[in-house]
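Everything on this sheet refers to the single structure shown next.
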Protein chains: 2
Amino acid sequence: MANPVLPSSGVLSPLGLDAVRLNPGFWGDRAALNREVTIAHCQEWEEREGWIGNFRGERPRRGREFSDSETYKLLEAMAWADHPALPALAETMAQAQEGDGYLNTRWSGSRYTDFEWGHELYCYGHLIQAGVARLRMHGEDRLTQVAIKAADHVCRRFMEGTRTCGHPVIEMALVELYRVTGTERYLEMARRFVERRGLPALADIPFGRAYFQDDMPVRQAQVFRGHVVRALYLASGVVDVAVETGDQELLKAVEAQWERTVARRTHLTGGMGSRHIDESYGDDYELPPDRAYNETCASIASIMLAHRLLLATGDARYADLAERTLYNMLATGVALDGRSFFYANPLQVRVPAVPLEGVNHAAEGGLRSPWFDVSCCPHNIARTLASLPAYLATSSADGIQIHHPTPSEIRHGGLAVRVETGYPWAGSVTVRVLEGGEGRIGLRVPAWATDATLAHVPASSPESPLPEGPVIRPVDPGYAYVDGPWQAGDEIRLELPMAPRWTLPDRRIDALRGSAAVERGPLVYCAESVGDEPRLGDLTARVLPPEEREADGVVELEVAASLRSGDGDGWPYAPADGRADESAEPTDVTLRLVPYHRWGNRGPATMRVWLPIQEK
Amino acid sequence: MANPVLPSSGVLSPLGLDAVRLNPGFWGDRAALNREVTIAHCQEWEEREGWIGNFRGERPRRGREFSDSETYKLLEAMAWADHPALPALAETMAQAQEGDGYLNTRWSGSRYTDFEWGHELYCYGHLIQAGVARLRMHGEDRLTQVAIKAADHVCRRFMEGTRTCGHPVIEMALVELYRVTGTERYLEMARRFVERRGLPALADIPFGRAYFQDDMPVRQAQVFRGHVVRALYLASGVVDVAVETGDQELLKAVEAQWERTVARRTHLTGGMGSRHIDESYGDDYELPPDRAYNETCASIASIMLAHRLLLATGDARYADLAERTLYNMLATGVALDGRSFFYANPLQVRVPAVPLEGVNHAAEGGLRSPWFDVSCCPHNIARTLASLPAYLATSSADGIQIHHPTPSEIRHGGLAVRVETGYPWAGSVTVRVLEGGEGRIGLRVPAWATDATLAHVPASSPESPLPEGPVIRPVDPGYAYVDGPWQAGDEIRLELPMAPRWTLPDRRIDALRGSAAVERGPLVYCAESVGDEPRLGDLTARVLPPEEREADGVVELEVAASLRSGDGDGWPYAPADGRADESAEPTDVTLRLVPYHRWGNRGPATMRVWLPIQEK
C-alpha cells in the first residue's frame, strides 16, 4: 500500500499510489511536471548550495542548521516518484551516518545541545518519512536502513527523559515507521514526544513557548497557535498517535482545535498564518490579506492534517478544507514551469515585486523564486505532488469514496473506475466503470455546491435499455452514494454548479470589512494588475454576477467596477461631517479576475482577492 | 542656549531649557516624574542588566551589541536634567575609552568588522548627543571630553572612504557638535556620511538595503522606508546637514519624503511603522491597526524630525504632527508611574496581554513593561521628556511663537509670559504677560481647530479702561499673531473648539474600511475593555455626538453602540446572497472611550481606536 499515511484503523482507508493513477488533467499535469522538472530542479539547487555536499563532508558546511531536512524531503519525493537518483543520494547519507545511528551535518560533535533551535529530531523526522516512502514503494535498501538506524538511535536516546524537538515532525514519522515495520517502540517514542510537549519540554524563547506549542499540553489547547508549520505537523502526529493508541480524547482535542482554527484563523484560500515575524497564526480573526503569511509549507501541513482527520472520521468538512487548500495554495505555490515557488502567499499585493536573480533571501509573496535560503517549500511541494494520488480517494468496508475528482483511474477490490472531468474549470464529473465489482461508490459534494445533481447511468445493454434517460437527483453537500454491483460501462455523473459566487467575510474579520471576493467552484479568484495598471487601490467592485471568459483552458471572470482618481494626498484622516470628496467622478470599468493560483505568472503585478465593494 | 537642536539659520530659532520653564500641568507633571523617577529607574535597570558594568570591564559582557548606546541616552537625559549621577558615570566612560578615542564595549578588539549590524558609529552618535547636551547645559567636563575625543576619532577614521553605519544617528550628532564647537570637520564628516548612503555604502541583507536606507541616495528617495527609527534619525541628520550647508535641494527632498510619508504611512496617533518583522514602514496605505508597530522610539524620532523641519521652514504642519505624536505616542509610551513602557503601540489589541515579571523579551504592545532586551524606548522617553521645554516655543526676528500650549513660562528678549491652560482637556489658553517687551506673539492654531477664536485683552489701567470687553476674532489653523509692544498684565486668550470629532480614514487604507475613530482636541480616543468585557469584537458604533464625562481630571467619552452575540463559529466566509444572520438582535449599549495615551493602565485589556460603524 503505497501511502504516506496508513492508519491501522479509522472510518476510511486511503487508496495509495498503487490504486490511484493520475491521467492528464489539472493534477495529472502538475504531478508530471513535478516528476520531470521540479525534483531535478531541487537536486540541482541543493548541490549548488552545498547542502548535499555537507553529507559528503565538504567544508565549510553550508546552509542553515536544518538543511539536512531539505535533502530528506527531496529523498522522500524521489521515493514516491521512483526516481533513479535516489540510490546514490541514499548511499551518501549512509556514509555520513555515525555508528550509533546519529546523523546530522551541523551538530555532529555537539549533539543535542540546542533542542529549541537545533532541529536534530526534526531532521530525523524527514529522514524517517523518506525511509517509510521507500519501504512502501520499493522495499528495504540503503535509505531504509539509514532511516531505521536513526529511529533506533532516537528511541535509545530519548525514550526516557523530558526533552523533545523545537520543531515537530518526528512524531508522525515514527508512527508511520511503526505502521510499516510493526515495531512498537516507534509508536511509544512518538507518544512520549507528544505527551511531553507543554509540560514544558523546552526552554522559553522571546517568541514565547506557544511558538513551538510548548505552552500547554496538547490535550488542553483550544486552538492551533504559534508557528503554523510546527502546529500542523504536531497535530498530524497527534492524530496518528491517537488513532494507533485508540485515544479518543486526544483525537477529539485535535478536532476541536482544528474547528476553531478553521473558523477564526484561516484565510479564504485555506492558507494559515497571519504574522511574518514568527510565521505564526496570530489572534482569532487576525486575517490581514496584505500581510497574510500563508506559508506554502503550512498549507501542505494543513492538507496532511485534514487527510488524517478525514481518514479517522470520514467527515467531509476535512476534505472540503483540503480541496480549498489544494486548489488555492498547493497549486499556487509552484509556477507553471515547475521551477519557481512562493514561500508566503498573501491575498493582496500593493506594490509589484522587483524581480530577483538567484536565491531569494526573504519570504515575501510578490513573485515566485527558484530558491530560498530556507527552501522547505520547494521540497514540500515536490514530495506532496509526488504522493498526491494517495490523497484523492479512500475505501471502506462498503466501497470506495472519491474525495477530489480529477482525471484518474482508481482500482480497489476488483472494481476499476475512470474519473473523467474538466474540473475545476467544468462542473461535470463522470465516474465510468472499467471493470465491474461490488460496493457502493461515494462522491464528495463540496460544501459550496448547494445545487448539485447526480445521475446513475447503467451501461446500455439489450436486457436493460433505458429509453427514458437516467434519473437525475439532487444531492446535498457531503457524500453522495450510488450502490453497486457494477458492470463495465456503468456511469455516475455528478454535476456541480459552477456559477461564480460573491463571498462575504465574517463581520469579526476587521481587515476585510467592506469587501467581498469571488469564487467559482473550488477556486478563489483575484484581480491581478500587471504593473498595477489599472491601479487596484482605486477600484471599487459592484456585487453583480461576473461574466465568464475562457482563455487557454482557463476560466477568467469579469466584474463591473468603478475607478476613482484624483484623490488628495494630505493627512489621510478627515472629519466624518466635513470630508470633501476631492476625487473626480468614478469611471466605469471592467475588472478582470484570474484564478488565484494563476497569479504572478505574468511578471511583476499587484493583486487582490478581496475587492472593496460599493456601499448600497 | 540649552537646546538639543540649534541651527545657525532657519525661519525659526528654538527657545531652550533656559528660556522655557514647565509649570505643573500635562507636560510639566510628566517632566517632573521623568526627572524624579524614570531616569533613576533606567540607571537601576542598566546596572542590574550589566550594561554599565560592561564599561567597567565586567565580564562576560552582557546585553545586545548596541547596549552602550542606552547608557549614552541615559547620560543625555541626565545632562538635560542636570542629574547628580552624571559625573561618576561619565568617569566610567572616560576610563573605558581607548587612547585614540575608540570606545565600544562589544567590538573592542575587532573594530569596524560589521558596519551593517555592529552599531559602533550609532553608539558614538548617542555619546556625542550626550556630550552636546552637557556642553550646552553645563560646559566642558569629562563627558564632553570623551564625546569630542570619540568624534575626532571618527573623523580621522572615516573622513575618507565609502562606509557608514547600518543605524543612522551620528549624522545629526556630528552636526550638533559642529554647532556647539564651531569645528567644521564634524559638519563635513556628517555631510559625507549622508552623501555616501545609497551609493551603496553597506552590504545587502535579507531585509534588503532599504532597511537601512541604503537602497538609493537620500536625494532620490520619494518616501521614508525601511526601519522607521533609522529612516527618521537619518532624515533628521539630513535636515541638519542641509540647513548648515545651505543645501536647499536636500532640504526639499526631505520635505517631500515627509509629506508623502505623512499622507500614506502614518497612523492616526502619529505613530509610524506597520511591520513587526523588520520594524519598518510597509507600503503606502499599509496601516493595520492591530499589527501597527509604531515603536515609541520612532515617534520620538518623528518629533525630532518635525521639530527640525518646523525650525527650517516655519510651516505649522510640522508642529501639527509633532503635537499629535506628543499627545498620542510620547504620552502613551510611559505609564502613569513612570516605571513601565510601551515598545510597540498598536491601535487595536484583541486579546488581553498576560502580565510579565521582569524583562520583556518581545515588543508587543499589550501591557507596559519595566524593561526590554532592547531598551531604547525607556531611554529615549527619558531624554525627550528631560529636554521637552526646547520643543514648545521658538523665536524669530519679530517675536516669539508658542507651538504647544501647556502650563509654562517663556522668556525671550526681555519679554516674559506665562501660559495658563488646562489643555489638552480644556480648549482655553491664556498667555499672560509677566514682563513687558517688544515683538509679536504667535500662537499655533492646530489643523483640527476649525472654529478657534482669539482675544487680546490689554492690562486694565486707569488710562485705558476697556468697558466694552475684549474683541474676539475668529482665527484659522496655522499661526495667530498679536502684535506688541507688551506690558505686564496683558493677556491673549485663545479658545480652541473641544467638541469630540468623528474621524474617517482615507478609502485607500484597506485595513480601516467601514470604521471610524473619535478625537477630541489633540487626543485620539479608544475603547478599552478590561478583561474584554464587553467584547470589543462584537461592538458596532453609531456616528452620533459622543457624551463627555470627566473623571479625575480626565475627559472620557461615551458613544452609542450595539452589541451582537450568538454568531456562528464555522467557516467564516459565506455567500453574499445567502448569508443567514445567526446572531441575536443586537443590544444597545453605551461604549466608554478613554484617551489613547491612558489605555493599558488598568490591567490586561482589549482596546481599539477604530470602531466598526453601522452602515446607513
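Here, A, B, ... name the chains of the C-alpha cells in the order displayed, residue numbers run from 1 inside each chain, and ligands are numbered from 1 in the same displayed order.
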**Item:** Per-residue DSSP, segment 220-294 of chain B, filtered to alpha helix (DSSP H), as a PyMOL selection string
**Value:** chain B and resi 228-245+248-264
**Message:** With only C-alpha atoms as the counted atoms, please give the residues lying no more than 7 Å from segment 117-126 of chain A, apart from itself and same-chain residues fewer than 3 positions off, as a list in words.
**Reply:**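 Within the cut-off, the hits are Glu65, Phe66, Asp68, Ser69, Tyr72, Lys73, Asn104, Asp114, Gln129, Ala130, Ala150, Cys165, Gly166, His167, Pro168, Val169, Ile170 and Ala173 of chain A.
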**Request:** Do a neighbour search on Leu591 of chain B at 9 Å with only C-alpha atoms, toss out local chain neighbours closer than 3 positions, and write the hits as a PyMOL selection string.
**Result:** chain B and resi 527+534+539+541+557-562
**Request:** For Arg62 of chain A, please output as a ChimeraX atom specification all residues within 12 Å (counting only C-alpha atoms; exclusion window: fewer than 5 positions along the same chain).
**Result:** /A:46-57,67-68,105-106,373-374
**Request:** Compare A:Tyr178, A:Trp486, A:Phe372, A:Tyr479 by their minimum atom-to-atom distance to chain B, counting only C-alpha atoms, and give me the closest one.
**Result:**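 Closest candidate: A:Phe372.
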Using only C-alpha atoms, find each residue of segment 429-471 of chain B with at least one atom at most 12 Å away from an atom of segment 514-520 of chain B; report its shortest atom-to-atom pair and that distance in Å (one decimal), sort the rows by chain and rising residue number, and return the result as a Markdown table.
```
| residue | atom | partner | partner_atom | distance |
| --- | --- | --- | --- | --- |
| B:Pro446 | CA | B:Arg520 | CA | 12.0 |
| B:Trp448 | CA | B:Arg520 | CA | 9.2 |
| B:Ala449 | CA | B:Arg520 | CA | 10.1 |
```
**Request:** Please report as a PyMOL selection string which residues of chain B come no farther than 7 Å from chain A, using only C-alpha atoms.
**Result:** chain B and resi 206-207+262-264+276-277+361-362+501-506+508+511+513-514+537+569-576
Preceding selection exported with N, CA, C and O atoms as a CSV table (one decimal), in the first residue's frame:
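New file again33.csv:
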```csv
chain,number,residue,atom,x,y,z
B,206,PRO,N,19.2,40.3,4.2
B,206,PRO,CA,17.9,39.7,3.8
B,206,PRO,C,16.7,40.7,3.8
B,206,PRO,O,15.8,40.5,3.0
B,207,PHE,N,16.7,41.6,4.7
B,207,PHE,CA,15.6,42.6,4.7
B,207,PHE,C,15.7,43.5,3.4
B,207,PHE,O,14.8,44.3,3.2
B,262,VAL,N,3.6,61.1,5.6
B,262,VAL,CA,2.5,61.5,6.5
B,262,VAL,C,1.2,61.2,5.8
B,262,VAL,O,0.2,60.8,6.4
B,263,ALA,N,1.1,61.4,4.5
B,263,ALA,CA,-0.1,61.1,3.8
B,263,ALA,C,-0.5,59.7,3.6
B,263,ALA,O,-1.6,59.3,3.5
B,264,ARG,N,0.6,58.8,3.6
B,264,ARG,CA,0.3,57.4,3.3
B,264,ARG,C,0.8,56.4,4.3
B,264,ARG,O,0.5,55.2,4.1
B,276,HIS,N,6.2,44.3,12.0
B,276,HIS,CA,7.0,43.8,13.2
B,276,HIS,C,8.3,43.3,12.7
B,276,HIS,O,9.3,43.5,13.4
B,277,ILE,N,8.3,42.5,11.6
B,277,ILE,CA,9.5,41.7,11.3
B,277,ILE,C,10.7,42.5,11.2
B,277,ILE,O,11.8,42.1,11.6
B,361,HIS,N,10.9,40.1,26.7
B,361,HIS,CA,11.8,39.8,25.6
B,361,HIS,C,11.1,40.1,24.2
B,361,HIS,O,11.8,40.0,23.2
B,362,ALA,N,9.9,40.5,24.2
B,362,ALA,CA,9.2,40.8,23.0
B,362,ALA,C,8.9,42.3,23.0
B,362,ALA,O,9.1,43.1,23.9
B,501,ARG,N,-14.8,64.8,17.9
B,501,ARG,CA,-15.0,64.7,16.5
B,501,ARG,C,-14.9,63.2,16.0
B,501,ARG,O,-14.0,62.5,16.4
B,502,TRP,N,-15.8,62.8,15.2
B,502,TRP,CA,-15.7,61.5,14.5
B,502,TRP,C,-14.8,61.7,13.3
B,502,TRP,O,-14.9,62.6,12.5
B,503,THR,N,-13.9,60.8,13.1
B,503,THR,CA,-12.9,60.9,12.0
B,503,THR,C,-12.9,59.6,11.2
B,503,THR,O,-13.0,58.5,11.7
B,504,LEU,N,-12.9,59.8,9.8
B,504,LEU,CA,-12.9,58.7,8.9
B,504,LEU,C,-11.6,58.5,8.2
B,504,LEU,O,-10.9,59.5,8.0
B,505,PRO,N,-11.2,57.3,7.9
B,505,PRO,CA,-10.0,57.1,7.2
B,505,PRO,C,-10.1,57.3,5.6
B,505,PRO,O,-11.2,57.1,5.1
B,506,ASP,N,-9.0,57.6,5.0
B,506,ASP,CA,-8.9,57.6,3.5
B,506,ASP,C,-9.4,56.2,3.0
B,506,ASP,O,-9.1,55.2,3.6
B,508,ARG,N,-8.4,54.5,0.8
B,508,ARG,CA,-7.3,53.6,0.3
B,508,ARG,C,-6.6,52.8,1.5
B,508,ARG,O,-5.8,52.0,1.2
B,511,ALA,N,-7.3,48.5,5.7
B,511,ALA,CA,-7.4,47.9,7.0
B,511,ALA,C,-8.5,48.6,7.9
B,511,ALA,O,-8.9,48.1,8.9
B,513,ARG,N,-11.3,50.2,6.5
B,513,ARG,CA,-12.6,50.4,5.8
B,513,ARG,C,-13.8,50.1,6.7
B,513,ARG,O,-13.7,49.1,7.5
B,514,GLY,N,-14.8,50.9,6.7
B,514,GLY,CA,-16.0,50.6,7.5
B,514,GLY,C,-15.9,50.9,8.9
B,514,GLY,O,-16.7,50.5,9.7
B,537,GLY,N,-14.9,43.0,20.0
B,537,GLY,CA,-15.1,42.5,18.7
B,537,GLY,C,-16.5,42.3,18.3
B,537,GLY,O,-16.8,42.1,17.1
B,569,ASP,N,-19.9,29.8,14.5
B,569,ASP,CA,-18.4,29.7,14.6
B,569,ASP,C,-17.9,28.6,13.6
B,569,ASP,O,-17.1,27.8,13.9
B,570,GLY,N,-18.4,28.7,12.4
B,570,GLY,CA,-18.0,27.8,11.4
B,570,GLY,C,-17.1,28.5,10.4
B,570,GLY,O,-16.4,29.5,10.7
B,571,TRP,N,-17.0,28.0,9.2
B,571,TRP,CA,-16.2,28.7,8.1
B,571,TRP,C,-16.6,30.2,8.0
B,571,TRP,O,-17.8,30.5,7.9
B,572,PRO,N,-15.7,31.1,8.1
B,572,PRO,CA,-16.1,32.5,8.3
B,572,PRO,C,-16.3,33.3,7.0
B,572,PRO,O,-16.1,34.5,7.1
B,573,TYR,N,-16.6,32.6,6.0
B,573,TYR,CA,-16.8,33.3,4.7
B,573,TYR,C,-18.1,32.7,4.1
B,573,TYR,O,-18.3,31.4,4.2
B,574,ALA,N,-19.0,33.5,3.7
B,574,ALA,CA,-20.3,33.0,3.3
B,574,ALA,C,-20.8,33.7,2.0
B,574,ALA,O,-20.4,34.8,1.7
B,575,PRO,N,-21.7,33.0,1.3
B,575,PRO,CA,-22.2,33.6,0.0
B,575,PRO,C,-22.9,35.0,0.3
B,575,PRO,O,-23.6,35.1,1.3
B,576,ALA,N,-22.6,35.9,-0.6
B,576,ALA,CA,-23.2,37.2,-0.4
B,576,ALA,C,-24.8,37.2,-0.5
B,576,ALA,O,-25.4,38.0,0.1
```
**Prompt:** Near Arg209 of chain B, counting only C-alpha atoms, which residues have an atom at most 9 Å away, once you skip same-chain residues fewer than 6 positions from it, shown as a list of chain:residue names?
**Reply:** B:Gly198, B:Pro200, B:Leu202, B:Ala203, B:Asp215, B:Met216, B:Gly226
**Request:** Would you kindly return, as number ranges by chain, each protein, DNA or RNA residue with an atom no farther than 12 Å from any atom of Trp425 of chain A, considering only C-alpha atoms and excluding same-chain residues fewer than 3 positions away?
**Result:** A: 25-26, 327, 405-406, 421-422, 428-429, 496-500, 519-523, 548-557, 595
What does the file look like for those residues with N, CA and C atoms, as a compact mmCIF listing (two decimals), in the first residue's frame?
```
# COMPACT_ATOMS: atom_id res chain seq x y z
N GLY A 25 -4.56 16.13 -16.78
CA GLY A 25 -5.62 16.97 -16.25
C GLY A 25 -4.98 17.92 -15.26
N PHE A 26 -5.81 18.60 -14.48
CA PHE A 26 -5.29 19.63 -13.58
C PHE A 26 -4.18 19.08 -12.69
N TYR A 327 -6.34 23.55 -4.25
CA TYR A 327 -6.52 24.35 -5.47
C TYR A 327 -6.04 25.79 -5.32
N PRO A 405 -12.26 14.90 -7.28
CA PRO A 405 -12.39 14.41 -8.66
C PRO A 405 -11.38 15.09 -9.58
N THR A 406 -10.58 14.28 -10.24
CA THR A 406 -9.62 14.77 -11.23
C THR A 406 -9.37 13.60 -12.15
N THR A 421 -13.21 14.30 -16.11
CA THR A 421 -13.74 15.61 -15.72
C THR A 421 -12.82 16.74 -16.18
N GLY A 422 -13.41 17.88 -16.43
CA GLY A 422 -12.64 19.09 -16.70
C GLY A 422 -12.51 19.94 -15.46
N SER A 428 -18.83 19.06 -14.47
CA SER A 428 -19.28 17.69 -14.75
C SER A 428 -18.20 16.69 -14.38
N VAL A 429 -18.56 15.71 -13.59
CA VAL A 429 -17.64 14.64 -13.21
C VAL A 429 -18.30 13.31 -13.58
N LEU A 496 -21.71 19.60 -10.70
CA LEU A 496 -21.52 20.61 -9.66
C LEU A 496 -21.80 21.99 -10.24
N PRO A 497 -22.48 22.85 -9.49
CA PRO A 497 -22.85 24.17 -10.02
C PRO A 497 -21.62 25.08 -10.07
N MET A 498 -21.30 25.60 -11.24
CA MET A 498 -20.05 26.35 -11.40
C MET A 498 -20.25 27.84 -11.61
N ALA A 499 -21.42 28.35 -11.29
CA ALA A 499 -21.60 29.81 -11.43
C ALA A 499 -20.69 30.52 -10.42
N PRO A 500 -20.06 31.61 -10.85
CA PRO A 500 -19.22 32.37 -9.91
C PRO A 500 -20.06 32.85 -8.73
N GLU A 519 -15.57 33.56 -5.90
CA GLU A 519 -15.14 32.17 -6.02
C GLU A 519 -15.93 31.52 -7.15
N ARG A 520 -15.34 30.50 -7.70
CA ARG A 520 -16.04 29.69 -8.71
C ARG A 520 -15.58 28.26 -8.54
N GLY A 521 -16.52 27.37 -8.29
CA GLY A 521 -16.12 26.01 -7.96
C GLY A 521 -15.19 26.05 -6.76
N PRO A 522 -14.09 25.28 -6.80
CA PRO A 522 -13.17 25.28 -5.66
C PRO A 522 -12.16 26.43 -5.70
N LEU A 523 -12.25 27.25 -6.73
CA LEU A 523 -11.21 28.26 -6.95
C LEU A 523 -11.58 29.62 -6.38
N GLU A 548 -18.17 35.15 -17.47
CA GLU A 548 -17.09 34.17 -17.66
C GLU A 548 -16.44 34.36 -19.02
N ARG A 549 -15.16 34.03 -19.09
CA ARG A 549 -14.39 34.18 -20.32
C ARG A 549 -13.33 33.10 -20.32
N GLU A 550 -13.29 32.28 -21.33
CA GLU A 550 -12.30 31.20 -21.32
C GLU A 550 -11.11 31.59 -22.17
N ALA A 551 -9.92 31.35 -21.64
CA ALA A 551 -8.70 31.65 -22.38
C ALA A 551 -7.69 30.54 -22.09
N ASP A 552 -7.27 29.81 -23.14
CA ASP A 552 -6.29 28.73 -22.97
C ASP A 552 -6.73 27.72 -21.92
N GLY A 553 -7.98 27.39 -21.92
CA GLY A 553 -8.47 26.38 -20.99
C GLY A 553 -8.68 26.86 -19.58
N VAL A 554 -8.44 28.15 -19.35
CA VAL A 554 -8.61 28.72 -18.01
C VAL A 554 -9.84 29.62 -18.01
N VAL A 555 -10.69 29.47 -17.03
CA VAL A 555 -11.86 30.34 -16.94
C VAL A 555 -11.48 31.60 -16.17
N GLU A 556 -11.54 32.73 -16.86
CA GLU A 556 -11.36 34.02 -16.19
C GLU A 556 -12.73 34.67 -16.03
N LEU A 557 -12.78 35.69 -15.19
CA LEU A 557 -14.06 36.34 -14.90
C LEU A 557 -13.92 37.85 -15.09
N PRO A 595 -7.91 33.06 -11.70
CA PRO A 595 -7.80 32.17 -10.54
C PRO A 595 -6.56 32.55 -9.73
```
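Between Trp45 of chain B and the candidates B:Pro586, B:Pro7, B:Gly413, B:Pro378, the tightest atom-to-atom separation, counting only C-alpha atoms, involves B:Pro378.
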**Message:** At a cut-off of 10 Å, using only C-alpha atoms, what residues contact Leu33 of chain B? Leave out same-chain residues fewer than 3 positions from it and give the result as a ChimeraX atom specification.
**Reply:** /B:27-30,36-39,336-339,382,385-386
Strand (DSSP E) per DSSP on the backbone: members of segment 439-522 of chain A, as a short mmCIF file (atom, residue, chain, number, x, y, z; two decimals) with N, CA and C atoms, in the first residue's frame:
```
data_model
loop_
_atom_site.label_atom_id
_atom_site.label_comp_id
_atom_site.auth_asym_id
_atom_site.auth_seq_id
_atom_site.Cartn_x
_atom_site.Cartn_y
_atom_site.Cartn_z
N ARG A 440 -20.48 0.21 -2.84
CA ARG A 440 -21.05 1.48 -3.30
C ARG A 440 -19.92 2.48 -3.56
N ILE A 441 -20.21 3.40 -4.43
CA ILE A 441 -19.24 4.43 -4.78
C ILE A 441 -19.74 5.75 -4.20
N GLY A 442 -18.87 6.41 -3.43
CA GLY A 442 -19.23 7.70 -2.85
C GLY A 442 -18.47 8.81 -3.56
N LEU A 443 -19.17 9.89 -3.77
CA LEU A 443 -18.54 11.07 -4.38
C LEU A 443 -18.77 12.25 -3.43
N ARG A 444 -17.71 12.96 -3.15
CA ARG A 444 -17.86 14.12 -2.28
C ARG A 444 -18.54 15.26 -3.04
N VAL A 445 -19.54 15.84 -2.42
CA VAL A 445 -20.17 17.06 -2.95
C VAL A 445 -19.67 18.20 -2.07
N ALA A 452 -26.10 20.69 -6.52
CA ALA A 452 -25.51 19.62 -7.32
C ALA A 452 -26.54 18.55 -7.64
N THR A 453 -26.29 17.85 -8.72
CA THR A 453 -27.16 16.72 -9.08
C THR A 453 -26.30 15.51 -9.40
N LEU A 454 -26.91 14.34 -9.29
CA LEU A 454 -26.21 13.09 -9.55
C LEU A 454 -27.10 12.21 -10.43
N ALA A 455 -26.47 11.57 -11.39
CA ALA A 455 -27.22 10.60 -12.21
C ALA A 455 -26.45 9.29 -12.24
N HIS A 456 -27.17 8.19 -12.13
CA HIS A 456 -26.58 6.87 -12.27
C HIS A 456 -27.03 6.35 -13.62
N VAL A 457 -26.08 6.07 -14.52
CA VAL A 457 -26.40 5.66 -15.89
C VAL A 457 -25.85 4.25 -16.09
N VAL A 471 -32.05 8.83 -14.29
CA VAL A 471 -32.74 9.61 -13.25
C VAL A 471 -31.73 10.58 -12.64
N ILE A 472 -32.06 11.82 -12.71
CA ILE A 472 -31.17 12.83 -12.13
C ILE A 472 -31.74 13.26 -10.79
N ARG A 473 -30.93 13.14 -9.73
CA ARG A 473 -31.45 13.52 -8.41
C ARG A 473 -30.57 14.58 -7.77
N PRO A 474 -31.18 15.50 -7.03
CA PRO A 474 -30.36 16.50 -6.33
C PRO A 474 -29.58 15.83 -5.21
N VAL A 475 -28.37 16.32 -4.97
CA VAL A 475 -27.56 15.78 -3.87
C VAL A 475 -27.04 16.95 -3.03
N GLY A 478 -21.64 16.98 1.10
CA GLY A 478 -21.31 15.81 1.92
C GLY A 478 -20.89 14.71 0.97
N TYR A 479 -21.42 13.53 1.15
CA TYR A 479 -21.12 12.45 0.21
C TYR A 479 -22.40 11.95 -0.44
N ALA A 480 -22.34 11.78 -1.75
CA ALA A 480 -23.45 11.18 -2.49
C ALA A 480 -23.03 9.76 -2.86
N TYR A 481 -23.88 8.80 -2.58
CA TYR A 481 -23.52 7.41 -2.78
C TYR A 481 -24.40 6.77 -3.86
N VAL A 482 -23.78 5.88 -4.61
CA VAL A 482 -24.54 5.04 -5.53
C VAL A 482 -24.13 3.59 -5.24
N GLU A 491 -22.02 4.26 -15.47
CA GLU A 491 -21.51 5.62 -15.23
C GLU A 491 -22.24 6.28 -14.07
N ILE A 492 -21.48 7.11 -13.34
CA ILE A 492 -22.10 8.05 -12.41
C ILE A 492 -21.75 9.43 -12.94
N ARG A 493 -22.75 10.28 -13.01
CA ARG A 493 -22.49 11.65 -13.49
C ARG A 493 -22.87 12.65 -12.40
N LEU A 494 -21.87 13.31 -11.90
CA LEU A 494 -22.08 14.35 -10.89
C LEU A 494 -22.00 15.71 -11.59
N GLU A 495 -22.97 16.56 -11.33
CA GLU A 495 -22.94 17.92 -11.90
C GLU A 495 -22.84 18.93 -10.76
N ARG A 501 -19.43 32.91 -7.57
CA ARG A 501 -20.12 33.27 -6.33
C ARG A 501 -19.41 34.44 -5.66
N TRP A 502 -20.18 35.44 -5.25
CA TRP A 502 -19.63 36.51 -4.39
C TRP A 502 -19.62 36.02 -2.95
N THR A 503 -18.53 36.24 -2.25
CA THR A 503 -18.37 35.74 -0.89
C THR A 503 -18.06 36.91 0.05
N LEU A 504 -18.74 36.92 1.19
CA LEU A 504 -18.52 37.98 2.19
C LEU A 504 -17.80 37.41 3.41
N PRO A 505 -16.99 38.23 4.06
CA PRO A 505 -16.29 37.76 5.27
C PRO A 505 -17.16 37.92 6.51
N SER A 515 -15.53 44.56 2.05
CA SER A 515 -15.00 43.98 0.81
C SER A 515 -15.62 42.61 0.58
N ALA A 516 -15.47 42.12 -0.62
CA ALA A 516 -16.02 40.81 -1.00
C ALA A 516 -15.06 40.14 -1.97
N ALA A 517 -15.18 38.84 -2.09
CA ALA A 517 -14.33 38.08 -3.01
C ALA A 517 -15.20 37.25 -3.94
N VAL A 518 -14.61 36.79 -5.02
CA VAL A 518 -15.33 35.95 -5.97
C VAL A 518 -14.71 34.56 -5.97
N GLU A 519 -15.57 33.56 -5.90
CA GLU A 519 -15.14 32.17 -6.02
C GLU A 519 -15.93 31.52 -7.15
N ARG A 520 -15.34 30.50 -7.70
CA ARG A 520 -16.04 29.69 -8.71
C ARG A 520 -15.58 28.26 -8.54
#
```
